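Participant: Once you've had a glance at the structure underneath, I'll fire off some questions.
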Protein chains: 4
Amino acid sequence: MHRERFYTLSASCPDRVGIVARVSGFISSHQGWILETALHAQPPDEDEDVGRYFMRIEIRADSLPFMLAELRERFQPIAAEFGMDWKITDSAVKKRVVILVSQQEHCLYDLLARWQSRELDVEIPCVISNHETFRGFVEWHGIPFHHVPVAPDNKTAACAEMRRIFEEARGDAMVLARYMQIISPELCAACPGRILNIHHSFLPSFVGARPYHQAWAKGVKLIGATCHYVTAELDQGPIIEQDVIRIDHSDTVADMVRYGKDIEKTVLARGLRYHLEDRVLLHGNKTIVFR
Amino acid sequence: MHRERFYTLSASCPDRVGIVARVSGFISSHQGWILETALHAQPPDEDEDVGRYFMRIEIRADSLPFMLAELRERFQPIAAEFGMDWKITDSAVKKRVVILVSQQEHCLYDLLARWQSRELDVEIPCVISNHETFRGFVEWHGIPFHHVPVAPDNKTAACAEMRRIFEEARGDAMVLARYMQIISPELCAACPGRILNIHHSFLPSFVGARPYHQAWAKGVKLIGATCHYVTAELDQGPIIEQDVIRIDHSDTVADMVRYGKDIEKTVLARGLRYHLEDRVLLHGNKTIVFR
Amino acid sequence: MHRERFYTLSASCPDRVGIVARVSGFISSHQGWILETALHAQPPDEDEDVGRYFMRIEIRADSLPFMLAELRERFQPIAAEFGMDWKITDSAVKKRVVILVSQQEHCLYDLLARWQSRELDVEIPCVISNHETFRGFVEWHGIPFHHVPVAPDNKTAACAEMRRIFEEARGDAMVLARYMQIISPELCAACPGRILNIHHSFLPSFVGARPYHQAWAKGVKLIGATCHYVTAELDQGPIIEQDVIRIDHSDTVADMVRYGKDIEKTVLARGLRYHLEDRVLLHGNKTIVFR
Amino acid sequence: MHRERFYTLSASCPDRVGIVARVSGFISSHQGWILETALHAQPPDEDEDVGRYFMRIEIRADSLPFMLAELRERFQPIAAEFGMDWKITDSAVKKRVVILVSQQEHCLYDLLARWQSRELDVEIPCVISNHETFRGFVEWHGIPFHHVPVAPDNKTAACAEMRRIFEEARGDAMVLARYMQIISPELCAACPGRILNIHHSFLPSFVGARPYHQAWAKGVKLIGATCHYVTAELDQGPIIEQDVIRIDHSDTVADMVRYGKDIEKTVLARGLRYHLEDRVLLHGNKTIVFR
């Protein structure tokens, strides 16, 4: 966490012999000091010929004899050789997180507390909401607040406006912190793998509206929450993190809503941290999460 | 657990003023010593006028001046007055549990270990299986073993035979301990609220076959198991108990199967204990579980 | 939660025949409508002759033909007959919670978010801190903030001042929301069963300072938090609620601190809710918690 | 699990640049196919100059052009260069597990069920017990059973006899499956890191005898179990795995014992699997567990 500056290389490529040797050989040839390594070989599915290899490596910045730009340049041929999807990020460059919120405070308060304490060490260039409810609270923290009203007949325009704000803010992640509106397909398509939602059920159970009511009607003994990337298909994006909490017959829907909040904020915060620390790699509609 | 003999009164009725007063007044008027009381008032649903009241009371047998038959007789007018569904059971009369198993051993070993140690203080009049696999193991424990083969063209007959064995054994509960065949509607109808199944997913997710494959394909971060009463509608009966276990991207379907077993046997054992101790009361397709 | 007004009777007394009958008979004789009942018979310890009975009953206020004062007056003879420790509270009278905080924000933000949303439906007459850090944040919420500095040579005086503020605020509960100073024996003695602390370990493990360092040194695989009543003996007061979270070898002390915060705020909020809803009854140095 | 044959290299050494590059370069230079890699860099403690590096790598056996003996021979110079503690094991050579048991069956049944299903793919050359209780059950499984009585005056001799049996059986692990006797310092010293115990508390809480009684007296809200290596200091050996389960005020010591069994057997089975798959590396009195 509060360590020396480091670069994070995250990459995936078709699996074959020699990937780790090549990458770690490159790093050590420049005396790069590895702080943390996570590797995963995903075997091929039944209809695939070759598996896929995933990696995430943290290298201490001051151990390398060159800067980030040159690191990227020098790594490029290796990436090309193995056909990698890859990126290298710099811990000294704070990620920029735009928060979307409606009228429930628990996730917003939770994220801002983490931001205040630098546990969540990011920039929050702004908060966007379809209500004015939290303007005062957000602005007290010195964070700009944008009210983008949403009505049945302006959803596409509202999403376009949010996209404009997000791009102007140079956001790295858009977090739907119990934002109760559906995101337009255009916005989803513009920011693949960058919009995170917290859904108040243990997906794939109880997709859509009023999941706690669905859970109550079904009589389940645990309820949950799911942090996932938003895609055009409602509540079907890649799952990043989930958790559950025990309930019983004496709990009403209102009780579930209350318990659920504790799970929602924790699961969202965990999923967001994994995302911001480049611990989440996509594999089709699933995620590799290097915790 | 290993206490003095007691009677367990479990009952439900339309909610109104005075139920507890009437019942506890009756008990105390005979100097009955209450060991444990659990009560639950379920408010009416939106389409109902009146809620429903559930109770479970353990009374020390030797504190009452009469035997069980007279207790039932004397309680009958109160039950009638409140329109109760009710029963009174005697801890000195061991419940009789018939176990159904196929070719997976984890739930069978687990149940027999609990039975050996008297943690599960029941009679096991027999084990039924569609395979011969566990005959030796079961018979070593001194428990009769019935092989009832199931083929695509004899399912109804096989279920009829199992029903015959269950009735002859005077079974109180039929436990599907990873029994991999579907129970006929006739058998379900003959034993409502007495057949318990362990399903290897966190229902309502992943109904039906190969739930771990479904979970793997979806990329969920937790897998679960569900103990429920068997009804004619596959995997839709009232849920008694559930639990989950964390997995991650590195876990294969085989790993999930392995982790899942630990959850399955624990959830089944818990659900069965609740059932045998008359802690489960039905309310439509849901359960009240007085743990 | 957001229900009709109700009275909560909580009581304990030596166990004997007829307690429930007498209490529920009294309530039903006045047509009192019981919303929720929890009962517990604690058997006698080895060195005791008689066990103890605990109860908590919620009665709908408008179902009774008299007001709270008369309810208490009419119940008094029954309480005397059974030798009860008892109280009756009114859901319409909000509890008053004074929060003590030092320089960590997670519990403070969490409690204020719950208060904002009325999930925590209390008055917060003031926040007290030994630092000025959160004055702005607290005052923004319209809550008075008292700075009571603590130095090695003024601890007793500081605690006396906090007691004065608490009494002036007519506080029902004093919550140490990661307040990093030891409370004086005088203050403990003045408010028995009303001061709640969140300790950042799974007590009784790692009593005292720097529990996460202790946990790291020991190599435990789970860390926890404990909400307990404060008594004069450090970290030894009755435990109200606990929970844990999994860690592994790769987690540093700083990681544990971060994970621990999520457990601390949840466990504190749960313990506080149990306390405020009169769900916690004391039994020696242990608690009965009617969840 | 049920995969192709593979070799597992597990090693630790002082941390420095180039470890992974050297090891993975060696493997890939022989076209070795890596199935799974886990790496951990432990930063130096305050009183240390250099950290320690831990690794575990699975290599498909048939991808290498030589056999295990030659692999070890060729790896030896690298290990020497980095000052490694290391070993390479072969998945085709089953580990040999000797089980010690007293009079409680839950862990024994659980381990044998896993062994029957090949989930636990080991040889069990024998079971040792200080009682005759489980001779029939063990022998029914075709496993030799040794009765080694323990009395206050023969403890050392009994442990010497168990050591003789263990060595004769060429055991890789000795598992105390709720074996209720203390192991002699001589036996501990003879098998460092090879004797696993399951302790029925969440260590370091409740060391020694009757931990559930201690937990009950303290009023904790969760109880646990700990799998650890046995050392001469009672209940102080390196912790491999832990877990907990929720209890409440209504649970007696007997209830805790019952709940605890479910945790004990699961935690023991997990810890044992980690050990047998060479996933546990020692670091002083702590463990690195590459799950």
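We label chains A, B, ... in the order they appear in the structure tokens, count residues from 1 in each chain, and number ligands from 1 in the order shown.
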Pull out every residue of chain B sitting within 8 Å of chain A, counting only C-alpha atoms, and send them as a PyMOL selection string.
Facilitator: chain B and resi 40+42+203-205+218-222+238-243+248-250+285-289
Participant: Create the file for the chosen residues now, containing C-alpha atoms and written as a PDB file, in the first residue's frame.
Facilitator:
ATOM      1  CA  HIS B  40     -42.346 -15.968  15.446  1.00  0.00           C
ATOM      2  CA  GLN B  42     -45.170 -13.482  10.474  1.00  0.00           C
ATOM      3  CA  LEU B 203     -30.483 -22.104  -5.125  1.00  0.00           C
ATOM      4  CA  PRO B 204     -32.206 -20.523  -6.961  1.00  0.00           C
ATOM      5  CA  SER B 205     -28.982 -20.248  -8.973  1.00  0.00           C
ATOM      6  CA  LYS B 218     -20.784 -17.882 -15.044  1.00  0.00           C
ATOM      7  CA  GLY B 219     -17.605 -17.007 -13.152  1.00  0.00           C
ATOM      8  CA  VAL B 220     -19.186 -16.641  -9.722  1.00  0.00           C
ATOM      9  CA  LYS B 221     -16.857 -16.026  -6.784  1.00  0.00           C
ATOM     10  CA  LEU B 222     -18.726 -18.166  -4.262  1.00  0.00           C
ATOM     11  CA  PRO B 238     -38.901 -25.073   0.560  1.00  0.00           C
ATOM     12  CA  ILE B 239     -35.320 -24.160   1.459  1.00  0.00           C
ATOM     13  CA  ILE B 240     -34.199 -25.288   4.928  1.00  0.00           C
ATOM     14  CA  GLU B 241     -30.534 -24.328   4.975  1.00  0.00           C
ATOM     15  CA  GLN B 242     -27.820 -22.951   2.685  1.00  0.00           C
ATOM     16  CA  ASP B 243     -24.192 -22.061   2.833  1.00  0.00           C
ATOM     17  CA  ASP B 248     -11.462 -18.005  -7.413  1.00  0.00           C
ATOM     18  CA  HIS B 249     -10.369 -18.026 -11.033  1.00  0.00           C
ATOM     19  CA  SER B 250      -7.801 -20.732 -10.427  1.00  0.00           C
ATOM     20  CA  ASN B 285     -43.146 -22.708  -0.002  1.00  0.00           C
ATOM     21  CA  LYS B 286     -40.898 -21.204   2.684  1.00  0.00           C
ATOM     22  CA  THR B 287     -39.652 -22.390   6.035  1.00  0.00           C
ATOM     23  CA  ILE B 288     -39.515 -21.030   9.544  1.00  0.00           C
ATOM     24  CA  VAL B 289     -36.355 -22.526  11.095  1.00  0.00           C
TER      25      VAL B 289
END
Participant: For A:Arg16, work out the shell of residues within 9 Å, counting only C-alpha atoms and skipping chain neighbours fewer than 4 positions away, then give it as a list in words.
Facilitator: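 Near A:Arg16, the qualifying residues are Val50, Gly51, Arg52, Tyr53 and Phe82 of chain A; Trp33 and Ile34 of chain D.
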Participant: Determine, counting only C-alpha atoms, which protein, DNA and RNA residues have an atom within 6 Å of an atom of B:Val97; residues of the same chain fewer than 4 positions away are not included. Present the result as a PyMOL selection string.
Facilitator: chain B and resi 124+171-174
Participant: Need the shell around C:Glu4: protein/DNA/RNA residues with any atom at most 9 Å away, counting only C-alpha atoms. Skip same-chain ones fewer than 4 positions apart. Format as an NGL selection string?
Facilitator: :C and (60-62 or 91)
Participant: Save the residues we just selected, N, CA and C atoms, as an mmCIF file, in the first residue's frame?
Facilitator:
data_model
loop_
_atom_site.group_PDB
_atom_site.id
_atom_site.type_symbol
_atom_site.label_atom_id
_atom_site.label_comp_id
_atom_site.auth_asym_id
_atom_site.auth_seq_id
_atom_site.Cartn_x
_atom_site.Cartn_y
_atom_site.Cartn_z
ATOM 1 N N ARG C 60 -47.126 -3.716 20.587
ATOM 2 C CA ARG C 60 -47.592 -2.554 19.823
ATOM 3 C C ARG C 60 -48.248 -1.553 20.778
ATOM 4 N N ALA C 61 -47.757 -0.320 20.740
ATOM 5 C CA ALA C 61 -48.215 0.671 21.720
ATOM 6 C C ALA C 61 -49.717 0.903 21.634
ATOM 7 N N ASP C 62 -50.247 1.004 20.419
ATOM 8 C CA ASP C 62 -51.668 1.372 20.303
ATOM 9 C C ASP C 62 -52.606 0.204 20.601
ATOM 10 N N SER C 91 -40.352 2.954 21.578
ATOM 11 C CA SER C 91 -39.691 3.163 20.280
ATOM 12 C C SER C 91 -39.835 4.602 19.789
#
Participant: Just the strand (DSSP E) stuff from stretch 100-195 of chain B, please, per backbone DSSP, written as a VMD selection string.
Facilitator: chain B and resid 100 to 101 127 to 129 145 to 147 173 to 176 195
Participant: Need to verify the contact set: C:Pro185, 9 Å, only C-alpha atoms, exclusion of same-chain residues closer than 6 positions in sequence. Can you return it as a short mmCIF file (atom, residue, chain, number, x, y, z; two decimals) with C-alpha atoms, in the first residue's frame?
Facilitator:
data_model
loop_
_atom_site.label_atom_id
_atom_site.label_comp_id
_atom_site.auth_asym_id
_atom_site.auth_seq_id
_atom_site.Cartn_x
_atom_site.Cartn_y
_atom_site.Cartn_z
CA THR C 156 -8.68 11.54 34.81
CA THR C 231 -15.29 -2.03 32.14
CA ALA C 232 -12.41 -1.01 34.33
CA GLU C 233 -10.46 -4.07 33.28
#
Participant: In Å, rounded to a single decimal, give me how far atom CA of A:Ile195 is from atom CA of A:Val101.
Facilitator: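 Answer for the atom CA of A:Val101 to atom CA of A:Ile195 separation: 13.2 Å.
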Participant: Which residue, D:Arg96, D:Asp262, D:Val23, D:Phe166, has the smallest gap to D:His275 when you use only C-alpha atoms?
Facilitator: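 Of D:Arg96, D:Asp262, D:Val23, D:Phe166, the one nearest D:His275 is D:Arg96, counting only C-alpha atoms.
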Participant: How many Å lie between atom CA of A:Val267 and atom CA of C:Ala269, rounded to one decimal?
Facilitator: 17.3 Å
